[in-house]
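Student: Pasting data-v4.pdb here (PDB, C-alpha atoms):
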MODEL        1
ATOM      1  CA  MET L  58       0.000   0.000   0.000  1.00  0.00           C
ATOM      2  CA  THR L  59       1.240   3.470  -0.871  1.00  0.00           C
ATOM      3  CA  VAL L  60      -0.297   6.550   0.724  1.00  0.00           C
ATOM      4  CA  GLU L  61       0.948   9.791  -0.764  1.00  0.00           C
ATOM      5  CA  ARG L  62       1.402  13.152   0.948  1.00  0.00           C
ATOM      6  CA  ALA L  63      -1.559  14.844   2.689  1.00  0.00           C
ATOM      7  CA  ALA L  64      -3.999  11.972   2.095  1.00  0.00           C
ATOM      8  CA  PHE L  65      -6.744  11.607   4.716  1.00  0.00           C
ATOM      9  CA  ILE L  66      -8.024   8.142   5.628  1.00  0.00           C
ATOM     10  CA  GLY L  67     -11.154   7.986   7.746  1.00  0.00           C
ATOM     11  CA  THR L  68     -11.561   5.789  10.810  1.00  0.00           C
ATOM     12  CA  GLY L  69     -12.180   2.121  10.067  1.00  0.00           C
ATOM     13  CA  ALA L  70     -11.379   2.378   6.372  1.00  0.00           C
ATOM     14  CA  ILE L  71      -9.878  -0.756   4.827  1.00  0.00           C
ATOM     15  CA  ILE L  72      -7.357  -0.481   2.007  1.00  0.00           C
ATOM     16  CA  LEU L  73      -6.526  -3.705   0.205  1.00  0.00           C
ATOM     17  CA  PRO L  74      -2.860  -4.616  -0.334  1.00  0.00           C
ATOM     18  CA  ARG L  75      -0.830  -3.220  -3.258  1.00  0.00           C
ATOM     19  CA  LEU L  76      -3.133  -0.239  -3.849  1.00  0.00           C
ATOM     20  CA  SER L  77      -2.186   3.437  -3.880  1.00  0.00           C
ATOM     21  CA  ILE L  78      -3.910   6.477  -2.436  1.00  0.00           C
ATOM     22  CA  GLY L  79      -2.981   9.671  -4.291  1.00  0.00           C
ATOM     23  CA  ALA L  80      -1.795  12.927  -2.762  1.00  0.00           C
ATOM     24  CA  SER L  81      -4.530  14.959  -1.015  1.00  0.00           C
ATOM     25  CA  ALA L  82      -7.122  12.206  -1.531  1.00  0.00           C
ATOM     26  CA  VAL L  83      -9.823  11.661   1.106  1.00  0.00           C
ATOM     27  CA  ILE L  84     -11.103   8.181   1.986  1.00  0.00           C
ATOM     28  CA  GLY L  85     -14.345   8.164   3.976  1.00  0.00           C
ATOM     29  CA  ALA L  86     -14.751   6.409   7.315  1.00  0.00           C
ATOM     30  CA  GLY L  87     -15.585   2.718   6.915  1.00  0.00           C
ATOM     31  CA  ALA L  88     -14.817   2.684   3.185  1.00  0.00           C
ATOM     32  CA  VAL L  89     -13.320  -0.429   1.595  1.00  0.00           C
ATOM     33  CA  VAL L  90     -10.808   0.580  -1.081  1.00  0.00           C
ATOM     34  CA  THR L  91     -10.581  -2.086  -3.788  1.00  0.00           C
ATOM     35  CA  ARG L  92      -8.877  -0.059  -6.529  1.00  0.00           C
ATOM     36  CA  PRO L  93      -6.299   2.761  -6.672  1.00  0.00           C
ATOM     37  CA  ILE L  94      -7.610   6.208  -5.719  1.00  0.00           C
ATOM     38  CA  PRO L  95      -6.243   9.130  -7.760  1.00  0.00           C
ATOM     39  CA  ALA L  96      -4.791  12.302  -6.279  1.00  0.00           C
ATOM     40  CA  GLY L  97      -7.343  14.809  -5.019  1.00  0.00           C
ATOM     41  CA  ALA L  98     -10.279  12.374  -5.093  1.00  0.00           C
ATOM     42  CA  LEU L  99     -13.028  11.932  -2.487  1.00  0.00           C
ATOM     43  CA  ALA L 100     -13.870   8.218  -2.180  1.00  0.00           C
ATOM     44  CA  LEU L 101     -16.731   6.812  -0.105  1.00  0.00           C
ATOM     45  CA  GLY L 102     -18.618   3.562   0.357  1.00  0.00           C
ATOM     46  CA  VAL L 103     -18.251  -0.197   0.170  1.00  0.00           C
ATOM     47  CA  PRO L 104     -16.589  -0.671  -2.227  1.00  0.00           C
ATOM     48  CA  ALA L 105     -15.122   2.823  -2.270  1.00  0.00           C
ATOM     49  CA  ARG L 106     -16.056   4.894  -5.301  1.00  0.00           C
ATOM     50  CA  VAL L 107     -14.812   8.336  -6.288  1.00  0.00           C
ATOM     51  CA  VAL L 108     -17.729  10.712  -5.679  1.00  0.00           C
ATOM     52  CA  GLY L 109     -15.981  14.068  -5.878  1.00  0.00           C
ATOM     53  CA  GLN L 110     -12.776  16.055  -5.946  1.00  0.00           C
ATOM     54  CA  VAL L 111     -10.883  17.740  -3.128  1.00  0.00           C
ATOM     55  CA  ASP L 112     -10.079  21.257  -4.311  1.00  0.00           C
ATOM     56  CA  GLU L 113     -10.029  24.755  -2.841  1.00  0.00           C
ATOM     57  CA  THR L 114     -13.838  24.707  -2.443  1.00  0.00           C
ATOM     58  CA  PHE L 115     -13.907  21.407  -0.492  1.00  0.00           C
ATOM     59  CA  ASN L 116     -15.681  21.778   2.866  1.00  0.00           C
ATOM     60  CA  TRP L 117     -13.321  20.127   5.365  1.00  0.00           C
ATOM     61  CA  ASN L 118     -15.912  20.595   8.146  1.00  0.00           C
ATOM     62  CA  ARG L 119     -17.852  17.681   6.576  1.00  0.00           C
ATOM     63  CA  LEU L 120     -15.123  15.373   7.908  1.00  0.00           C
ATOM     64  CA  LEU L 121     -15.341  16.496  11.533  1.00  0.00           C
TER      65      LEU L 121
ENDMDL
END
Just give me the structure as structure tokens.
Tutor:
Amino acid sequence: MTVERAAFIGTGAIILPRLSIGASAVIGAGAVVTRPIPAGALALGVPARVVGQVDETFNWNRLL
């Protein structure tokens, strides 16, 4: 598993072996990552799917 700089992984998330999480990506709590997640992506669910992008308009308060 490779987790690049500034990636956020929520509590209880499961990342399968040999997958990569791109820089500044956000993985939701409890997500199960079954494929590589690109940089700046927001991934949620089981299995995790990219549902949005993390950019300057991203509301970080949604994660708290």
Student: If the PyMOL selection byres ((chain L and resi 65) around 10) is run on the structure shown, which residues does it catch, given as a VMD selection string?
Tutor: chain L and resid 60 to 64 66 to 68 78 to 86 99 120
Student: Residues picked by the PyMOL selection byres ((chain L and resi 71-76) around 6) here, as a list in words?
Tutor: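 When the PyMOL selection byres ((chain L and resi 71-76) around 6) is applied to the shown file, the picked residues are Met58, Ala70, Ser77, Val89, Val90, Thr91 and Pro93 of chain L.
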Student: Atom CA of L:Ala100 and atom CA of L:Ala88 are how many Å apart?
Tutor: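 Separation between atom CA of L:Ala100 and atom CA of L:Ala88: 7.8 Å.
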Student: Can you tell me how far atom CA of L:Ala98 sits from atom CA of L:Asp112, in Å to one decimal?
Tutor: 8.9 Å
Student: Could you tell me how far atom CA of L:Thr59 sits from atom CA of L:Thr114, in Å to one decimal place?
Tutor: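 If I compute the distance from atom CA of L:Thr114 to atom CA of L:Thr59, I get 26.1 Å.
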Student: Will you model N, CA and C atoms for stretch 65-85 of chain L and pass it back as a tab-separated table (two decimals), in the frame of the given file?
Tutor:
chain	number	residue	atom	x	y	z
L	65	PHE	N	-5.98	11.76	3.49
L	65	PHE	CA	-6.74	11.61	4.72
L	65	PHE	C	-7.52	10.30	4.62
L	66	ILE	N	-7.33	9.43	5.61
L	66	ILE	CA	-8.02	8.14	5.63
L	66	ILE	C	-8.89	8.10	6.87
L	67	GLY	N	-10.20	7.97	6.65
L	67	GLY	CA	-11.15	7.99	7.75
L	67	GLY	C	-11.06	6.75	8.62
L	68	THR	N	-11.58	6.86	9.83
L	68	THR	CA	-11.56	5.79	10.81
L	68	THR	C	-12.25	4.54	10.28
L	69	GLY	N	-11.60	3.40	10.44
L	69	GLY	CA	-12.18	2.12	10.07
L	69	GLY	C	-12.12	1.80	8.59
L	70	ALA	N	-11.50	2.66	7.81
L	70	ALA	CA	-11.38	2.38	6.37
L	70	ALA	C	-10.42	1.20	6.16
L	71	ILE	N	-10.71	0.40	5.16
L	71	ILE	CA	-9.88	-0.76	4.83
L	71	ILE	C	-9.33	-0.53	3.43
L	72	ILE	N	-8.01	-0.64	3.30
L	72	ILE	CA	-7.36	-0.48	2.01
L	72	ILE	C	-6.69	-1.81	1.68
L	73	LEU	N	-7.09	-2.42	0.59
L	73	LEU	CA	-6.53	-3.70	0.20
L	73	LEU	C	-5.05	-3.57	-0.17
L	74	PRO	N	-4.29	-4.66	-0.05
L	74	PRO	CA	-2.86	-4.62	-0.33
L	74	PRO	C	-2.56	-4.19	-1.78
L	75	ARG	N	-1.37	-3.61	-1.95
L	75	ARG	CA	-0.83	-3.22	-3.26
L	75	ARG	C	-1.64	-2.16	-3.98
L	76	LEU	N	-2.39	-1.34	-3.25
L	76	LEU	CA	-3.13	-0.24	-3.85
L	76	LEU	C	-2.49	1.07	-3.44
L	77	SER	N	-2.75	2.13	-4.21
L	77	SER	CA	-2.19	3.44	-3.88
L	77	SER	C	-3.30	4.45	-3.66
L	78	ILE	N	-3.02	5.36	-2.73
L	78	ILE	CA	-3.91	6.48	-2.44
L	78	ILE	C	-3.15	7.73	-2.83
L	79	GLY	N	-3.67	8.50	-3.76
L	79	GLY	CA	-2.98	9.67	-4.29
L	79	GLY	C	-2.88	10.81	-3.29
L	80	ALA	N	-2.02	11.75	-3.60
L	80	ALA	CA	-1.80	12.93	-2.76
L	80	ALA	C	-3.10	13.71	-2.59
L	81	SER	N	-3.36	14.14	-1.38
L	81	SER	CA	-4.53	14.96	-1.01
L	81	SER	C	-5.86	14.26	-1.25
L	82	ALA	N	-5.87	12.94	-1.39
L	82	ALA	CA	-7.12	12.21	-1.53
L	82	ALA	C	-7.77	12.05	-0.15
L	83	VAL	N	-9.08	11.87	-0.13
L	83	VAL	CA	-9.82	11.66	1.11
L	83	VAL	C	-10.60	10.36	0.97
L	84	ILE	N	-10.39	9.45	1.93
L	84	ILE	CA	-11.10	8.18	1.99
L	84	ILE	C	-12.06	8.26	3.17
L	85	GLY	N	-13.34	8.05	2.93
L	85	GLY	CA	-14.34	8.16	3.98
L	85	GLY	C	-14.24	7.08	5.03
